[in-house]
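Novice: One file: upload_28.txt (compact mmCIF, C-alpha atoms).
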# COMPACT_ATOMS: atom_id res chain seq x y z
CA TYR L 1 2.61 -5.43 19.40
CA ASN L 2 3.39 -5.99 15.70
CA MET L 3 0.81 -3.42 14.63
CA LYS L 4 2.12 -0.83 17.08
CA ARG L 5 5.67 -1.38 15.81
CA PHE L 6 4.46 -1.12 12.19
CA VAL L 7 2.59 2.12 12.88
CA ILE L 8 5.63 3.71 14.55
CA CYS L 9 7.98 2.58 11.76
CA PHE L 10 5.48 3.63 9.13
CA LEU L 11 5.08 7.11 10.60
CA MET L 12 8.84 7.58 10.78
CA LEU L 13 9.27 6.32 7.22
CA SER L 14 6.46 8.55 5.94
CA LEU L 15 8.02 11.58 7.56
CA PHE L 16 11.42 10.74 6.06
CA LEU L 17 9.98 10.00 2.63
CA GLY L 18 7.71 13.00 2.69
CA LEU L 19 10.58 15.33 3.49
CA SER L 20 13.35 13.83 1.37
CA LEU L 21 11.98 12.00 -1.67
CA PRO L 22 10.17 14.86 -3.40
CA ILE L 23 13.41 16.86 -3.31
CA ALA L 24 15.49 14.12 -4.96
CA ALA L 25 12.86 12.95 -7.42
CA GLN L 26 11.39 14.75 -10.35
CA LYS L 27 7.92 13.51 -9.31
CA THR L 28 6.48 11.30 -6.62
CA TYR L 29 3.37 9.31 -7.45
CA VAL L 30 1.33 7.89 -4.58
CA LEU L 31 -1.51 5.36 -4.69
CA ILE L 32 -3.20 4.94 -1.33
CA THR L 33 -5.86 2.29 -0.77
CA GLY L 34 -7.84 1.45 2.34
CA VAL L 35 -10.81 -0.86 2.81
CA SER L 36 -12.95 -0.61 5.93
CA ASN L 37 -16.34 -1.59 4.52
CA TYR L 38 -16.46 -4.91 2.71
CA PRO L 39 -19.55 -6.42 1.06
CA ASN L 40 -19.71 -8.95 3.90
CA GLU L 41 -20.50 -7.01 7.09
CA GLU L 42 -18.48 -9.39 9.28
CA ASP L 43 -15.30 -8.41 7.41
CA LYS L 44 -15.64 -4.73 8.38
CA VAL L 45 -12.49 -3.05 9.72
CA GLY L 46 -12.67 0.15 11.77
CA GLN L 47 -9.64 2.33 11.01
CA THR L 48 -8.26 1.50 7.57
CA THR L 49 -10.21 4.03 5.51
CA LYS L 50 -9.51 6.73 8.08
CA ASP L 51 -5.80 5.86 7.99
CA ALA L 52 -5.76 5.98 4.18
CA LYS L 53 -7.48 9.40 4.11
CA ASN L 54 -5.07 10.82 6.70
CA LEU L 55 -2.09 9.49 4.78
CA ALA L 56 -3.43 11.00 1.55
CA LYS L 57 -3.70 14.42 3.26
CA PHE L 58 -0.09 14.08 4.41
CA TRP L 59 1.22 13.20 0.93
CA LYS L 60 -0.84 15.89 -0.81
CA ARG L 61 1.28 18.47 1.00
CA MET L 62 4.34 17.12 -0.86
CA THR L 63 3.00 16.11 -4.27
CA PRO L 64 -0.13 16.68 -6.32
CA ASN L 65 0.17 13.13 -7.70
CA VAL L 66 -1.85 11.35 -5.00
CA THR L 67 -4.65 8.92 -5.78
CA LEU L 68 -6.89 7.71 -2.97
CA LEU L 69 -9.16 4.68 -3.27
CA THR L 70 -11.30 3.62 -0.32
CA SER L 71 -13.65 0.74 0.44
CA ALA L 72 -15.96 0.01 -2.55
CA TYR L 73 -13.46 1.70 -4.91
CA VAL L 74 -10.61 -0.66 -3.95
CA THR L 75 -11.37 -3.14 -6.71
CA THR L 76 -9.25 -5.23 -9.03
CA ASP L 77 -10.06 -2.97 -11.98
CA ASN L 78 -9.40 0.29 -10.11
CA ILE L 79 -6.10 -0.81 -8.58
CA THR L 80 -4.87 -2.17 -11.91
CA LYS L 81 -5.98 0.91 -13.84
CA LYS L 82 -4.60 3.52 -11.41
CA LEU L 83 -1.32 1.71 -10.75
CA THR L 84 -0.77 1.12 -14.48
CA GLU L 85 -1.42 4.82 -15.20
CA ILE L 86 1.10 5.81 -12.52
CA CYS L 87 3.70 3.32 -13.73
CA GLU L 88 3.37 4.45 -17.33
CA ALA L 89 3.67 8.13 -16.37
CA ALA L 90 6.70 7.70 -14.11
CA THR L 91 10.18 8.27 -15.51
CA GLU L 92 13.52 6.94 -14.31
CA LYS L 93 13.81 10.01 -12.03
CA ASP L 94 10.48 9.41 -10.29
CA ILE L 95 9.26 7.54 -7.23
CA ILE L 96 6.16 5.42 -6.79
CA VAL L 97 4.60 4.77 -3.39
CA PHE L 98 1.83 2.16 -2.97
CA TYR L 99 -0.03 1.82 0.33
CA TYR L 100 -2.72 -0.70 1.26
CA ALA L 101 -4.66 -1.03 4.51
CA GLY L 102 -7.30 -3.70 4.96
CA HIS L 103 -7.58 -7.45 5.20
CA GLY L 104 -4.97 -9.74 3.73
CA VAL L 105 -4.49 -13.43 3.20
CA GLU L 106 -1.24 -15.14 2.34
CA ASP L 107 -0.04 -13.98 -1.10
CA TYR L 108 -3.02 -11.62 -1.62
CA LEU L 109 -4.58 -8.34 -0.62
CA TYR L 110 -8.20 -8.99 0.35
CA ILE L 111 -9.82 -6.07 -1.46
CA TYR L 112 -13.46 -5.04 -1.84
CA ASP L 113 -14.28 -7.32 -4.77
CA GLY L 114 -12.10 -10.31 -3.89
CA VAL L 115 -8.36 -10.86 -3.73
CA TYR L 116 -5.51 -9.10 -5.49
CA PRO L 117 -2.32 -11.16 -5.84
CA TYR L 118 0.97 -9.64 -4.78
CA HIS L 119 2.62 -11.03 -7.92
CA ARG L 120 0.18 -8.99 -10.04
CA LEU L 121 0.90 -5.82 -8.07
CA LEU L 122 4.66 -6.33 -8.41
CA LYS L 123 4.38 -7.17 -12.13
CA ILE L 124 2.75 -3.80 -12.78
CA LEU L 125 5.41 -2.02 -10.72
CA ASN L 126 8.18 -3.92 -12.55
CA ALA L 127 7.02 -2.38 -15.83
CA SER L 128 7.72 1.12 -14.54
CA LYS L 129 10.94 3.03 -15.16
CA ALA L 130 10.68 4.74 -11.75
CA LYS L 131 13.94 4.72 -9.82
CA ALA L 132 12.27 3.86 -6.52
CA LYS L 133 9.23 1.75 -5.76
CA ILE L 134 7.92 1.59 -2.22
CA CYS L 135 5.13 -0.72 -1.04
CA LEU L 136 3.58 -0.42 2.40
CA VAL L 137 1.08 -3.13 3.26
CA ASN L 138 -0.91 -2.99 6.49
CA ALA L 139 -2.74 -6.33 6.49
CA CYS L 140 -2.63 -9.83 7.90
CA HIS L 141 -0.06 -12.08 6.20
CA SER L 142 1.42 -9.03 4.45
CA GLY L 143 4.94 -10.37 4.82
CA SER L 144 4.14 -12.76 1.97
CA ILE L 145 4.80 -9.86 -0.41
CA GLN L 146 8.50 -10.62 0.19
CA LYS L 147 8.00 -14.14 -1.15
CA ALA L 148 6.17 -12.79 -4.21
CA ALA L 149 9.04 -10.39 -4.92
CA LYS L 150 11.56 -13.25 -4.79
CA GLN L 151 9.42 -15.54 -6.97
CA ASN L 152 8.94 -12.86 -9.61
CA ASP L 153 12.62 -11.98 -9.63
CA SER L 154 11.49 -8.43 -8.96
CA PRO L 155 13.92 -5.54 -8.95
CA ALA L 156 14.74 -3.94 -5.66
CA TYR L 157 11.85 -2.47 -3.73
CA ALA L 158 11.36 -1.03 -0.32
CA LEU L 159 8.72 -3.43 1.03
CA PHE L 160 7.14 -2.76 4.41
CA SER L 161 4.57 -5.04 5.97
CA SER L 162 2.68 -5.02 9.26
CA SER L 163 3.07 -8.77 9.77
CA ARG L 164 5.03 -11.79 8.66
CA SER L 165 3.55 -14.08 6.04
CA ASN L 166 2.27 -16.44 8.74
CA GLU L 167 1.00 -13.74 11.15
CA VAL L 168 -2.17 -11.78 11.59
CA SER L 169 -2.25 -8.07 12.26
CA TYR L 170 -4.39 -6.61 14.98
CA GLU L 171 -6.32 -3.38 14.78
CA ALA L 172 -6.13 -1.54 18.07
CA SER L 173 -8.88 1.07 17.91
CA ILE L 174 -7.64 2.59 21.15
CA LEU L 175 -4.46 3.60 19.29
CA GLY L 176 -6.41 4.80 16.28
CA ALA L 177 -4.42 2.36 14.14
Render the structure in this file as structure tokens.
Specialist:
Amino acid sequence: YNMKRFVICFLMLSLFLGLSLPIAAQKTYVLITGVSNYPNEEDKVGQTTKDAKNLAKFWKRMTPNVTLLTSAYVTTDNITKKLTEICEAATEKDIIVFYYAGHGVEDYLYIYDGVYPYHRLLKILNASKAKAKICLVNACHSGSIQKAAKQNDSPAYALFSSSRSNEVSYEASILGA
């Protein structure tokens, strides 16, 4: 149920953002990440890479500033490098959108080469002058990004998560999400 609600809200938000933000902003920068294939075969997830690719296609219709990282490319170094590049390029008129789909554990994204702490993600975003920063996290325990934002005294964000910090998300392949 939580995943279905997240997917519906996410689709509505994406449509709204895709239609309205590029008009108001000078530029919109989007970093989309999705991990389906992990080094450990038992961690494999079915739809996350497909979802990330479809979302990238959607955003590329609105902005040329879309970066897509999937599976083996969703590493600590790549996320840090790409997000830092985006944050340094963005001005106070711009918008940054970060999307992650894959496994999560409390306080961390479970990426291809280990874990990526929410506080690190938010610290990089905090350094940007962008007027709006939007994080969409589709993973178990993704609600813990709220706690990381409060602990880091982060500026206002739009934070969307598919579960609370103490919940797991469920992939329903029948829904394609």
Novice: Nearest to L:Ala90: which of L:His141, L:Lys147, L:Lys133, L:Lys44 is it, counting all atoms listed in the file?
Specialist: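 Closest to L:Ala90, using all atoms listed in the file: L:Lys133.
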Novice: Which of these residues is nearest to L:Tyr73, using all atoms listed in the file: L:Thr33, L:Ser144, L:Gln26, L:Ser162?
Specialist: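 Among the listed residues, the smallest separation from L:Tyr73 belongs to L:Thr33.
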Novice: For L:Ile111, please output as a ChimeraX atom specification all residues within 9 Å (counting all atoms listed in the file; exclusion window: fewer than 6 positions along the same chain).
Specialist: /L:34-35,38,71-72,74-76,102-104
Novice: Please, could you write that set of residues out with C-alpha atoms as a compact mmCIF listing (two decimals), in the frame of the given file?
Specialist:
# COMPACT_ATOMS: atom_id res chain seq x y z
CA GLY L 34 -7.84 1.45 2.34
CA VAL L 35 -10.81 -0.86 2.81
CA TYR L 38 -16.46 -4.91 2.71
CA SER L 71 -13.65 0.74 0.44
CA ALA L 72 -15.96 0.01 -2.55
CA VAL L 74 -10.61 -0.66 -3.95
CA THR L 75 -11.37 -3.14 -6.71
CA THR L 76 -9.25 -5.23 -9.03
CA GLY L 102 -7.30 -3.70 4.96
CA HIS L 103 -7.58 -7.45 5.20
CA GLY L 104 -4.97 -9.74 3.73
Novice: How would you write as number ranges by chain the residues that get within 10 Å of (6.1, 3.5, -10.4) in the file's frame, counting only C-alpha atoms?
Specialist: L: 28-31, 83-92, 94-98, 124-134
Novice: Between atom CA of L:Asp113 and atom CA of L:Ala148, what distance in Å does the model show, to one decimal?
Specialist: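 Between atom CA of L:Asp113 and atom CA of L:Ala148 the gap works out to 21.2 Å.
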Novice: Quote the spacing between atom CA of L:Lys82 and atom CA of L:Leu69 in Å to one decimal place.
Specialist: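 Computing it gives 9.4 Å between the two atoms.
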Novice: Would you pick out the contacts of L:Tyr108 at 7 Å or less, using only C-alpha atoms, so that residues sharing its chain but fewer than 5 positions from it are not included, and give the list as a PDB file with C-alpha atoms, in the coordinates of the input?
Specialist:
ATOM      1  CA  VAL L 115      -8.360 -10.860  -3.730  1.00  0.00           C
ATOM      2  CA  TYR L 116      -5.510  -9.100  -5.490  1.00  0.00           C
ATOM      3  CA  PRO L 117      -2.320 -11.160  -5.840  1.00  0.00           C
ATOM      4  CA  TYR L 118       0.970  -9.640  -4.780  1.00  0.00           C
TER       5      TYR L 118
END
Novice: Between L:Cys140, L:Leu55, L:Leu159, L:Ala101, which one has atoms that come closest to L:Ser36, using all atoms listed in the file?
Specialist: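 Of all the options, L:Ala101 lies closest to L:Ser36.
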Novice: Between atom CA of L:Ala139 and atom CA of L:Thr67, what distance in Å does the model show, to one decimal?
Specialist: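 Rounded to one decimal, the two atoms are 19.7 Å apart.
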Novice: Which of these residues is nearest to L:Pro64, using only C-alpha atoms: L:Ser161, L:Ser142, L:Lys27, L:Tyr110?
Specialist: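 Between L:Ser161, L:Ser142, L:Lys27, L:Tyr110, the residue approaching L:Pro64 most closely is L:Lys27.
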Novice: Could you give me the axis-aligned bounding box of stretch 112-122 of chain L, with 4 Å of padding per side, as centre plus edge lengths in Å to one decimal, as lines of an AutoDock Vina configuration file?
Specialist:
center_x = -4.8
center_y = -8.1
center_z = -5.9
size_x = 26.9
size_y = 14.1
size_z = 16.2
Novice: Choose the residue, out of L:Lys57, L:Gln151, L:Phe160, L:Val45, that has the smallest atom-to-atom separation from L:Asn138; count all atoms listed in the file.
Specialist: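 Going through L:Lys57, L:Gln151, L:Phe160, L:Val45 one by one, the smallest distance to L:Asn138 is for L:Phe160.
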